[in-house]
file structure05.cif (mmCIF, C-alpha atoms and all ligand atoms; chains and numbers go by the auth columns)
data_final
#
loop_
_atom_site.group_PDB
_atom_site.id
_atom_site.type_symbol
_atom_site.label_atom_id
_atom_site.label_comp_id
_atom_site.label_asym_id
_atom_site.label_seq_id
_atom_site.Cartn_x
_atom_site.Cartn_y
_atom_site.Cartn_z
_atom_site.B_iso_or_equiv
_atom_site.auth_seq_id
_atom_site.auth_asym_id
ATOM 1 C CA MET A 1 -15.552 -19.415 28.726 0.00 27 A
ATOM 2 C CA PRO A 2 -17.666 -16.308 27.998 0.00 28 A
ATOM 3 C CA LYS A 3 -21.053 -16.666 26.344 0.00 29 A
ATOM 4 C CA SER A 4 -20.785 -16.888 22.591 0.00 30 A
ATOM 5 C CA PHE A 5 -22.969 -14.613 20.464 0.00 31 A
ATOM 6 C CA ASP A 6 -23.690 -14.913 16.787 0.00 32 A
ATOM 7 C CA LEU A 7 -20.962 -13.174 14.870 0.00 33 A
ATOM 8 C CA PHE A 8 -21.150 -12.751 11.100 0.00 34 A
ATOM 9 C CA PHE A 9 -18.459 -12.159 8.503 0.00 35 A
ATOM 10 C CA ALA A 10 -19.930 -9.904 5.800 0.00 36 A
ATOM 11 C CA SER A 11 -18.156 -10.288 2.472 0.00 37 A
ATOM 12 C CA SER A 12 -18.559 -11.330 -1.142 0.00 38 A
ATOM 13 C CA ASN A 13 -15.367 -13.389 -0.919 0.00 39 A
ATOM 14 C CA ASN A 14 -15.659 -17.084 0.123 0.00 40 A
ATOM 15 C CA HIS A 15 -11.878 -17.472 0.498 0.00 41 A
ATOM 16 C CA LYS A 16 -11.669 -14.658 3.020 0.00 42 A
ATOM 17 C CA PHE A 17 -14.568 -16.097 5.033 0.00 43 A
ATOM 18 C CA LEU A 18 -13.158 -19.640 5.120 0.00 44 A
ATOM 19 C CA GLU A 19 -9.772 -18.404 6.311 0.00 45 A
ATOM 20 C CA ALA A 20 -11.329 -16.072 8.911 0.00 46 A
ATOM 21 C CA LYS A 21 -13.536 -18.908 10.199 0.00 47 A
ATOM 22 C CA ASN A 22 -10.580 -21.251 10.497 0.00 48 A
ATOM 23 C CA ILE A 23 -8.521 -18.612 12.337 0.00 49 A
ATOM 24 C CA LEU A 24 -11.314 -17.611 14.759 0.00 50 A
ATOM 25 C CA ASP A 25 -12.177 -21.269 15.470 0.00 51 A
ATOM 26 C CA ALA A 26 -8.707 -21.600 16.955 0.00 52 A
ATOM 27 C CA PHE A 27 -9.520 -18.688 19.305 0.00 53 A
ATOM 28 C CA GLY A 28 -12.856 -20.300 20.282 0.00 54 A
ATOM 29 C CA ILE A 29 -15.013 -17.826 18.327 0.00 55 A
ATOM 30 C CA LYS A 30 -17.737 -19.167 16.048 0.00 56 A
ATOM 31 C CA LEU A 31 -18.150 -17.262 12.784 0.00 57 A
ATOM 32 C CA SER A 32 -21.044 -17.414 10.304 0.00 58 A
ATOM 33 C CA PHE A 33 -21.091 -16.134 6.740 0.00 59 A
ATOM 34 C CA SER A 34 -23.271 -13.257 5.643 0.00 60 A
ATOM 35 C CA LYS A 35 -22.493 -13.303 1.942 0.00 61 A
ATOM 36 C CA MET A 36 -23.178 -9.939 0.346 0.00 62 A
ATOM 37 C CA ASN A 37 -21.746 -7.478 -2.106 0.00 63 A
ATOM 38 C CA LEU A 38 -20.510 -4.552 -0.102 0.00 64 A
ATOM 39 C CA GLU A 39 -20.443 -1.009 -1.359 0.00 65 A
ATOM 40 C CA GLU A 40 -16.801 0.132 -1.489 0.00 66 A
ATOM 41 C CA ILE A 41 -16.059 3.850 -1.460 0.00 67 A
ATOM 42 C CA GLN A 42 -13.041 5.149 -3.398 0.00 68 A
ATOM 43 C CA SER A 43 -10.387 6.201 -0.949 0.00 69 A
ATOM 44 C CA ASN A 44 -6.635 5.935 -0.462 0.00 70 A
ATOM 45 C CA SER A 45 -7.278 4.775 3.099 0.00 71 A
ATOM 46 C CA LEU A 46 -8.051 1.097 3.678 0.00 72 A
ATOM 47 C CA LYS A 47 -9.335 1.998 7.125 0.00 73 A
ATOM 48 C CA GLU A 48 -11.819 4.514 5.768 0.00 74 A
ATOM 49 C CA ILE A 49 -13.038 1.941 3.205 0.00 75 A
ATOM 50 C CA ALA A 50 -13.345 -0.744 5.886 0.00 76 A
ATOM 51 C CA LEU A 51 -15.265 1.493 8.316 0.00 77 A
ATOM 52 C CA LYS A 52 -17.780 2.455 5.604 0.00 78 A
ATOM 53 C CA LYS A 53 -18.064 -1.202 4.547 0.00 79 A
ATOM 54 C CA ALA A 54 -18.823 -2.207 8.140 0.00 80 A
ATOM 55 C CA ARG A 55 -21.527 0.440 8.612 0.00 81 A
ATOM 56 C CA ASN A 56 -23.070 -0.549 5.310 0.00 82 A
ATOM 57 C CA ALA A 57 -23.026 -4.274 6.199 0.00 83 A
ATOM 58 C CA TYR A 58 -24.486 -3.658 9.669 0.00 84 A
ATOM 59 C CA SER A 59 -27.318 -1.545 8.257 0.00 85 A
ATOM 60 C CA LYS A 60 -28.201 -4.462 5.967 0.00 86 A
ATOM 61 C CA CYS A 61 -28.099 -7.356 8.431 0.00 87 A
ATOM 62 C CA LYS A 62 -28.556 -5.705 11.876 0.00 88 A
ATOM 63 C CA LYS A 63 -26.436 -8.362 13.570 0.00 89 A
ATOM 64 C CA PRO A 64 -22.944 -8.094 15.061 0.00 90 A
ATOM 65 C CA ILE A 65 -20.608 -8.330 12.087 0.00 91 A
ATOM 66 C CA ILE A 66 -17.016 -8.099 11.096 0.00 92 A
ATOM 67 C CA VAL A 67 -15.808 -7.014 7.671 0.00 93 A
ATOM 68 C CA GLU A 68 -12.295 -7.026 6.308 0.00 94 A
ATOM 69 C CA ASP A 69 -10.553 -4.799 3.794 0.00 95 A
ATOM 70 C CA ASP A 70 -7.171 -5.868 2.446 0.00 96 A
ATOM 71 C CA GLY A 71 -4.543 -4.408 0.225 0.00 97 A
ATOM 72 C CA LEU A 72 -1.290 -5.534 -1.355 0.00 98 A
ATOM 73 C CA PHE A 73 1.206 -2.656 -1.213 0.00 99 A
ATOM 74 C CA ILE A 74 4.263 -2.934 -3.486 0.00 100 A
ATOM 75 C CA ASP A 75 7.147 -0.606 -2.526 0.00 101 A
ATOM 76 C CA SER A 76 8.617 -0.012 -5.987 0.00 102 A
ATOM 77 C CA LEU A 77 5.148 0.862 -7.322 0.00 103 A
ATOM 78 C CA GLY A 78 4.529 3.494 -4.640 0.00 104 A
ATOM 79 C CA GLY A 79 2.167 1.203 -2.722 0.00 105 A
ATOM 80 C CA PHE A 80 0.129 0.162 -5.788 0.00 106 A
ATOM 81 C CA PRO A 81 -2.321 -1.636 -5.958 0.00 107 A
ATOM 82 C CA GLY A 82 -3.099 -0.878 -2.252 0.00 108 A
ATOM 83 C CA PRO A 83 -6.777 0.016 -1.831 0.00 109 A
ATOM 84 C CA TYR A 84 -7.390 -0.968 -5.467 0.00 110 A
ATOM 85 C CA SER A 85 -6.167 -4.564 -4.982 0.00 111 A
ATOM 86 C CA SER A 86 -9.484 -6.180 -5.786 0.00 112 A
ATOM 87 C CA TYR A 87 -9.933 -4.244 -9.045 0.00 113 A
ATOM 88 C CA VAL A 88 -6.309 -4.727 -10.111 0.00 114 A
ATOM 89 C CA PHE A 89 -6.526 -8.478 -9.472 0.00 115 A
ATOM 90 C CA LYS A 90 -9.638 -8.688 -11.677 0.00 116 A
ATOM 91 C CA THR A 91 -8.062 -6.605 -14.451 0.00 117 A
ATOM 92 C CA ILE A 92 -4.304 -7.231 -14.841 0.00 118 A
ATOM 93 C CA GLY A 93 -4.047 -10.118 -12.327 0.00 119 A
ATOM 94 C CA ASN A 94 -0.844 -11.702 -11.053 0.00 120 A
ATOM 95 C CA LYS A 95 0.692 -11.813 -14.521 0.00 121 A
ATOM 96 C CA GLY A 96 0.202 -8.071 -14.934 0.00 122 A
ATOM 97 C CA ILE A 97 1.806 -7.364 -11.540 0.00 123 A
ATOM 98 C CA LEU A 98 4.823 -9.562 -12.374 0.00 124 A
ATOM 99 C CA ASN A 99 5.293 -7.673 -15.656 0.00 125 A
ATOM 100 C CA LEU A 100 5.506 -4.367 -13.783 0.00 126 A
ATOM 101 C CA LEU A 101 8.325 -5.380 -11.425 0.00 127 A
ATOM 102 C CA LYS A 102 12.119 -5.292 -11.726 0.00 128 A
ATOM 103 C CA ASN A 103 14.698 -5.628 -8.922 0.00 129 A
ATOM 104 C CA ASN A 104 13.056 -4.201 -5.832 0.00 130 A
ATOM 105 C CA ARG A 105 10.291 -6.687 -5.049 0.00 131 A
ATOM 106 C CA SER A 106 9.460 -5.723 -1.440 0.00 132 A
ATOM 107 C CA ALA A 107 5.769 -5.649 -0.608 0.00 133 A
ATOM 108 C CA LYS A 108 3.307 -6.014 2.217 0.00 134 A
ATOM 109 C CA PHE A 109 -0.235 -7.212 2.721 0.00 135 A
ATOM 110 C CA ILE A 110 -2.397 -5.128 5.051 0.00 136 A
ATOM 111 C CA SER A 111 -5.621 -6.332 6.636 0.00 137 A
ATOM 112 C CA ILE A 112 -8.143 -4.121 8.415 0.00 138 A
ATOM 113 C CA ILE A 113 -10.838 -5.895 10.382 0.00 139 A
ATOM 114 C CA VAL A 114 -13.796 -3.824 11.566 0.00 140 A
ATOM 115 C CA TYR A 115 -16.313 -5.023 14.138 0.00 141 A
ATOM 116 C CA CYS A 116 -19.715 -3.308 14.181 0.00 142 A
ATOM 117 C CA ASP A 117 -22.852 -3.724 16.267 0.00 143 A
ATOM 118 C CA GLU A 118 -25.621 -1.353 17.322 0.00 144 A
ATOM 119 C CA THR A 119 -23.443 0.658 19.687 0.00 145 A
ATOM 120 C CA THR A 120 -19.837 -0.141 18.842 0.00 146 A
ATOM 121 C CA ILE A 121 -17.520 0.184 15.884 0.00 147 A
ATOM 122 C CA GLN A 122 -13.895 -0.875 16.326 0.00 148 A
ATOM 123 C CA SER A 123 -11.056 -1.501 13.875 0.00 149 A
ATOM 124 C CA PHE A 124 -7.953 -3.713 14.044 0.00 150 A
ATOM 125 C CA ASP A 125 -5.119 -3.683 11.564 0.00 151 A
ATOM 126 C CA ALA A 126 -2.077 -5.778 10.835 0.00 152 A
ATOM 127 C CA LYS A 127 0.443 -6.389 8.102 0.00 153 A
ATOM 128 C CA LEU A 128 2.542 -9.139 6.622 0.00 154 A
ATOM 129 C CA ASP A 129 5.884 -8.143 5.079 0.00 155 A
ATOM 130 C CA GLY A 130 7.317 -10.040 2.158 0.00 156 A
ATOM 131 C CA VAL A 131 8.443 -9.937 -1.467 0.00 157 A
ATOM 132 C CA ILE A 132 6.803 -10.557 -4.824 0.00 158 A
ATOM 133 C CA SER A 133 8.123 -13.752 -6.427 0.00 159 A
ATOM 134 C CA LYS A 134 9.539 -13.823 -9.966 0.00 160 A
ATOM 135 C CA SER A 135 6.842 -16.208 -11.182 0.00 161 A
ATOM 136 C CA GLN A 136 3.544 -17.627 -9.939 0.00 162 A
ATOM 137 C CA LYS A 137 3.907 -20.628 -7.656 0.00 163 A
ATOM 138 C CA GLY A 138 1.215 -22.797 -6.052 0.00 164 A
ATOM 139 C CA GLN A 139 -2.546 -23.001 -6.381 0.00 165 A
ATOM 140 C CA GLY A 140 -3.795 -20.358 -3.920 0.00 166 A
ATOM 141 C CA TRP A 141 -6.364 -17.642 -4.524 0.00 167 A
ATOM 142 C CA GLY A 142 -5.800 -13.930 -5.200 0.00 168 A
ATOM 143 C CA TYR A 143 -2.200 -12.775 -4.861 0.00 169 A
ATOM 144 C CA ASP A 144 -1.142 -15.869 -2.845 0.00 170 A
ATOM 145 C CA PRO A 145 0.818 -17.414 -5.783 0.00 171 A
ATOM 146 C CA ILE A 146 3.097 -14.334 -6.043 0.00 172 A
ATOM 147 C CA PHE A 147 3.535 -13.317 -2.383 0.00 173 A
ATOM 148 C CA VAL A 148 6.472 -14.740 -0.419 0.00 174 A
ATOM 149 C CA PRO A 149 6.251 -13.862 3.296 0.00 175 A
ATOM 150 C CA LYS A 150 9.390 -12.637 5.085 0.00 176 A
ATOM 151 C CA ASN A 151 11.611 -15.519 6.305 0.00 177 A
ATOM 152 C CA SER A 152 10.059 -17.958 3.825 0.00 178 A
ATOM 153 C CA GLN A 153 11.215 -19.370 0.501 0.00 179 A
ATOM 154 C CA LYS A 154 7.688 -20.281 -0.553 0.00 180 A
ATOM 155 C CA THR A 155 4.649 -18.291 -1.661 0.00 181 A
ATOM 156 C CA LEU A 156 1.495 -18.095 0.475 0.00 182 A
ATOM 157 C CA ALA A 157 -0.045 -20.487 -2.046 0.00 183 A
ATOM 158 C CA GLU A 158 2.658 -23.101 -1.360 0.00 184 A
ATOM 159 C CA ILE A 159 2.836 -23.035 2.422 0.00 185 A
ATOM 160 C CA THR A 160 0.503 -25.106 4.583 0.00 186 A
ATOM 161 C CA ASN A 161 0.316 -22.756 7.568 0.00 187 A
ATOM 162 C CA LYS A 162 -0.911 -19.509 5.938 0.00 188 A
ATOM 163 C CA ASN A 163 -3.623 -19.159 8.611 0.00 189 A
ATOM 164 C CA GLU A 164 -0.974 -19.046 11.346 0.00 190 A
ATOM 165 C CA LEU A 165 0.999 -16.123 9.939 0.00 191 A
ATOM 166 C CA SER A 166 -1.059 -14.131 7.427 0.00 192 A
ATOM 167 C CA HIS A 167 -2.091 -10.468 7.614 0.00 193 A
ATOM 168 C CA ARG A 168 -5.610 -11.835 8.256 0.00 194 A
ATOM 169 C CA TYR A 169 -4.350 -13.972 11.160 0.00 195 A
ATOM 170 C CA ASN A 170 -2.499 -11.018 12.713 0.00 196 A
ATOM 171 C CA ALA A 171 -5.515 -8.687 12.513 0.00 197 A
ATOM 172 C CA LEU A 172 -7.955 -11.354 13.745 0.00 198 A
ATOM 173 C CA LYS A 173 -5.691 -12.143 16.689 0.00 199 A
ATOM 174 C CA GLU A 174 -5.960 -8.496 17.800 0.00 200 A
ATOM 175 C CA PHE A 175 -9.707 -8.632 17.248 0.00 201 A
ATOM 176 C CA SER A 176 -10.060 -11.879 19.251 0.00 202 A
ATOM 177 C CA ASN A 177 -8.306 -10.443 22.298 0.00 203 A
ATOM 178 C CA TRP A 178 -10.642 -7.473 22.285 0.00 204 A
ATOM 179 C CA TYR A 179 -13.812 -9.467 21.468 0.00 205 A
ATOM 180 C CA LEU A 180 -13.295 -12.178 24.101 0.00 206 A
ATOM 181 C CA HIS A 181 -12.676 -9.464 26.681 0.00 207 A
ATOM 182 C CA LYS A 182 -15.877 -7.718 25.595 0.00 208 A
ATOM 183 C CA LEU A 183 -17.888 -10.969 25.896 0.00 209 A
ATOM 184 C CA LYS A 184 -16.414 -11.619 29.329 0.00 210 A
ATOM 185 C CA SER A 185 -17.429 -8.169 30.577 0.00 211 A
ATOM 186 C CA ILE A 186 -21.004 -8.686 29.267 0.00 212 A
ATOM 187 C CA ASP A 187 -21.078 -12.059 31.071 0.00 213 A
ATOM 188 C CA GLN A 188 -20.234 -10.569 34.482 0.00 214 A
HETATM 189 P P1 LIG B . -15.198 -8.089 0.148 0.00 301 A
HETATM 190 O O1 LIG B . -16.544 -8.416 -0.416 0.00 301 A
HETATM 191 O O2 LIG B . -14.987 -8.630 1.522 0.00 301 A
HETATM 192 O O3 LIG B . -14.857 -6.630 0.058 0.00 301 A
HETATM 193 P P2 LIG B . -12.991 -8.440 -1.780 0.00 301 A
HETATM 194 O O4 LIG B . -12.492 -9.646 -2.510 0.00 301 A
HETATM 195 O O5 LIG B . -13.444 -7.261 -2.585 0.00 301 A
HETATM 196 O O6 LIG B . -14.144 -8.926 -0.769 0.00 301 A
HETATM 197 P P3 LIG B . -10.847 -6.859 -0.491 0.00 301 A
HETATM 198 O O7 LIG B . -11.254 -5.633 -1.219 0.00 301 A
HETATM 199 O O8 LIG B . -10.657 -6.782 0.967 0.00 301 A
HETATM 200 O O9 LIG B . -11.901 -8.052 -0.761 0.00 301 A
HETATM 201 O O10 LIG B . -9.503 -7.528 -1.017 0.00 301 A
HETATM 202 C C1 LIG B . -8.743 -7.034 -2.017 0.00 301 A
HETATM 203 C C2 LIG B . -8.159 -8.137 -2.848 0.00 301 A
HETATM 204 O O11 LIG B . -6.877 -8.466 -2.334 0.00 301 A
HETATM 205 C C3 LIG B . -8.919 -9.453 -2.912 0.00 301 A
HETATM 206 O O12 LIG B . -9.958 -9.436 -3.856 0.00 301 A
HETATM 207 C C4 LIG B . -7.801 -10.426 -3.304 0.00 301 A
HETATM 208 O O13 LIG B . -7.589 -10.395 -4.691 0.00 301 A
HETATM 209 C C5 LIG B . -6.596 -9.809 -2.583 0.00 301 A
HETATM 210 N N1 LIG B . -6.356 -10.487 -1.296 0.00 301 A
HETATM 211 C C6 LIG B . -6.777 -10.123 -0.068 0.00 301 A
HETATM 212 N N2 LIG B . -6.363 -10.978 0.879 0.00 301 A
HETATM 213 C C7 LIG B . -5.666 -11.919 0.228 0.00 301 A
HETATM 214 C C8 LIG B . -4.998 -13.093 0.630 0.00 301 A
HETATM 215 O O14 LIG B . -4.970 -13.513 1.890 0.00 301 A
HETATM 216 N N3 LIG B . -4.389 -13.813 -0.300 0.00 301 A
HETATM 217 C C9 LIG B . -4.396 -13.450 -1.604 0.00 301 A
HETATM 218 N N4 LIG B . -5.015 -12.365 -2.080 0.00 301 A
HETATM 219 C C10 LIG B . -5.639 -11.607 -1.165 0.00 301 A
#

call {"tool": "encode", "arguments": {"input": "structure05.cif", "output": "structure tokens"}}
result
Amino acid sequence: MPKSFDLFFASSNNHKFLEAKNILDAFGIKLSFSKMNLEEIQSNSLKEIALKKARNAYSKCKKPIIVEDDGLFIDSLGGFPGPYSSYVFKTIGNKGILNLLKNNRSAKFISIIVYCDETTIQSFDAKLDGVISKSQKGQGWGYDPIFVPKNSQKTLAEITNKNELSHRYNALKEFSNWYLHKLKSIDQ
């Protein structure tokens, strides 16, 4: 097993950290929380937002960090709320989203994970396809009660294995492959 270094998850969102920690534990990577409010630029590109967030977080804590930027993209709304998912959740919430939708309910969650240290910045992205349910179901956070992943009848808030199939899981799996390889090459 390669040497493990301190790795921090910089975010204001406890839910995201707890899920990321649980997912990375399964890959043998220990994650600590660096709770902070991160400056978010306005952009239509999640990747651009995530890269800026990562640089900003690294300049504050000067330790190897990962940050994550997510978006819920709804097809019939032209990809809305996308990069504005956090703001839209705080303003109109799940009820507001449900009121906007008619027949076509296809949507996807996208996660961008960015790793940053003194010399390296690297991004990983993944998606989870699904549909928006007709009503809220389950007790999850954020958009979980209205998002039904492809091949499921239940929302992310109702299933017990979210951390084995989510957009976050898919992006962190890519990250883990890269990160463990990086640690191994430092070890040699
Ligand atoms: P940061 O401090 O890490 O930026 P944030 O909550 O602002 O935290 P994002 O901008 O990345 O995070 O996320 C956009 C929003 O999308 C988030 O606030 C949630 O409302 C929603 N979201 C993201 N991932 C989700 C998930 O797995 N389940 C449900 N909602 C999610």

call {"tool": "resolve_selection", "arguments": {"input": "structure05.cif", "expression": "the PyMOL selection byres (((not hetatm)) within 8 of (chain A and resi 301))", "output": "PyMOL selection string"}}
result
chain A and resi 36-39+42+62-64+66+79+93-98+109-116+135+137+166-171+173+182+192-194

call {"tool": "residues_around", "arguments": {"input": "structure05.cif", "residues": "Lys199 in chain A", "least_positions_apart": "3", "cutoff": "10 Å", "atoms": "all atoms listed in the file", "output": "MDAnalysis selection string"}}
result
chainID A and resid 49:50 52:53 150:152 190 193:196 202:205

call {"tool": "closest_residue", "arguments": {"input": "structure05.cif", "among": "A:Asn120, A:Ser161, A:Asn40, A:Gln148", "to": "Ile92 in chain A", "atoms": "all atoms listed in the file"}}
result
A:Gln148

call {"tool": "atom_distance", "arguments": {"input": "structure05.cif", "atom1": "CA of Phe106 in chain A", "atom2": "CA of Lys176 in chain A"}}
result
19.2 Å

call {"tool": "closest_residue", "arguments": {"input": "structure05.cif", "among": "A:Ser132, A:Asn82, A:Gly54, A:Ser149", "to": "Ile67 in chain A", "atoms": "only C-alpha atoms"}}
result
A:Asn82

call {"tool": "atom_distance", "arguments": {"input": "structure05.cif", "atom1": "CA of Leu103 in chain A", "atom2": "CA of Gly164 in chain A"}}
result
24.0 Å

call {"tool": "atom_distance", "arguments": {"input": "structure05.cif", "atom1": "CA of Lys89 in chain A", "atom2": "CA of Ser60 in chain A"}}
result
9.8 Å

call {"tool": "closest_residue", "arguments": {"input": "structure05.cif", "among": "A:Gly122, A:Glu200, A:Lys210, A:Gln68", "to": "Tyr141 in chain A", "atoms": "only C-alpha atoms"}}
result
A:Glu200

call {"tool": "closest_residue", "arguments": {"input": "structure05.cif", "among": "A:Leu206, A:Ile185, A:Phe201, A:Ala83", "to": "Glu65 in chain A", "atoms": "all atoms listed in the file"}}
result
A:Ala83

call {"tool": "resolve_selection", "arguments": {"input": "structure05.cif", "expression": "the PyMOL selection byres (((chain A and resi 145) around 12) and not hetatm)", "output": "PyMOL selection string"}}
result
chain A and resi 81+84+88-90+141-144+146-148

call {"tool": "closest_residue", "arguments": {"input": "structure05.cif", "among": "A:Ile91, A:Ala80, A:Ile138, A:Ala133", "to": "Val174 in chain A", "atoms": "only C-alpha atoms"}}
result
A:Ala133

call {"tool": "closest_residue", "arguments": {"input": "structure05.cif", "among": "A:Lys86, A:Phe99, A:Lys153, A:Ile172", "to": "Asn125 in chain A", "atoms": "all atoms listed in the file"}}
result
A:Ile172

call {"tool": "build_atoms", "arguments": {"input": "structure05.cif", "residues": "range 105-122 of chain A", "atoms": "N, CA, C and O atoms", "output": "compact mmCIF listing (two decimals), in the coordinates of the input"}}
result
# COMPACT_ATOMS: atom_id res chain seq x y z
N GLY A 105 3.29 1.73 -3.52
CA GLY A 105 2.17 1.20 -2.72
C GLY A 105 1.02 0.64 -3.57
O GLY A 105 0.04 0.12 -3.04
N PHE A 106 1.13 0.75 -4.89
CA PHE A 106 0.13 0.16 -5.79
C PHE A 106 0.15 -1.38 -5.62
O PHE A 106 1.24 -1.92 -5.43
N PRO A 107 -0.96 -2.12 -5.73
CA PRO A 107 -2.32 -1.64 -5.96
C PRO A 107 -3.05 -1.16 -4.71
O PRO A 107 -4.11 -0.57 -4.83
N GLY A 108 -2.53 -1.40 -3.50
CA GLY A 108 -3.10 -0.88 -2.25
C GLY A 108 -4.61 -1.02 -2.18
O GLY A 108 -5.14 -2.14 -2.31
N PRO A 109 -5.32 0.10 -1.99
CA PRO A 109 -6.78 0.02 -1.83
C PRO A 109 -7.49 -0.47 -3.10
O PRO A 109 -8.68 -0.76 -3.06
N TYR A 110 -6.76 -0.54 -4.21
CA TYR A 110 -7.39 -0.97 -5.47
C TYR A 110 -7.07 -2.43 -5.78
O TYR A 110 -7.20 -2.89 -6.91
N SER A 111 -6.65 -3.19 -4.77
CA SER A 111 -6.17 -4.56 -4.98
C SER A 111 -7.20 -5.47 -5.64
O SER A 111 -6.86 -6.30 -6.48
N SER A 112 -8.45 -5.31 -5.25
CA SER A 112 -9.48 -6.18 -5.79
C SER A 112 -9.66 -5.91 -7.29
O SER A 112 -9.67 -6.83 -8.11
N TYR A 113 -9.75 -4.65 -7.64
CA TYR A 113 -9.93 -4.24 -9.04
C TYR A 113 -8.72 -4.64 -9.89
O TYR A 113 -8.87 -5.18 -11.00
N VAL A 114 -7.54 -4.42 -9.36
CA VAL A 114 -6.31 -4.73 -10.11
C VAL A 114 -6.19 -6.24 -10.32
O VAL A 114 -5.79 -6.70 -11.39
N PHE A 115 -6.59 -7.02 -9.30
CA PHE A 115 -6.53 -8.48 -9.47
C PHE A 115 -7.46 -8.91 -10.60
O PHE A 115 -7.10 -9.75 -11.43
N LYS A 116 -8.66 -8.30 -10.64
CA LYS A 116 -9.64 -8.69 -11.68
C LYS A 116 -9.20 -8.21 -13.06
O LYS A 116 -9.60 -8.78 -14.06
N THR A 117 -8.42 -7.16 -13.15
CA THR A 117 -8.06 -6.60 -14.45
C THR A 117 -6.71 -7.15 -14.95
O THR A 117 -6.68 -7.97 -15.85
N ILE A 118 -5.61 -6.76 -14.32
CA ILE A 118 -4.30 -7.23 -14.84
C ILE A 118 -3.85 -8.54 -14.19
O ILE A 118 -3.00 -9.24 -14.73
N GLY A 119 -4.37 -8.85 -12.99
CA GLY A 119 -4.05 -10.12 -12.33
C GLY A 119 -2.58 -10.25 -11.94
O GLY A 119 -1.79 -9.31 -12.03
N ASN A 120 -2.22 -11.45 -11.52
CA ASN A 120 -0.84 -11.70 -11.05
C ASN A 120 0.18 -11.53 -12.18
O ASN A 120 1.28 -11.02 -11.95
N LYS A 121 -0.21 -11.92 -13.38
CA LYS A 121 0.69 -11.81 -14.52
C LYS A 121 1.03 -10.34 -14.77
O LYS A 121 2.19 -9.98 -15.01
N GLY A 122 0.01 -9.51 -14.71
CA GLY A 122 0.20 -8.07 -14.93
C GLY A 122 1.11 -7.46 -13.88
O GLY A 122 1.98 -6.63 -14.19
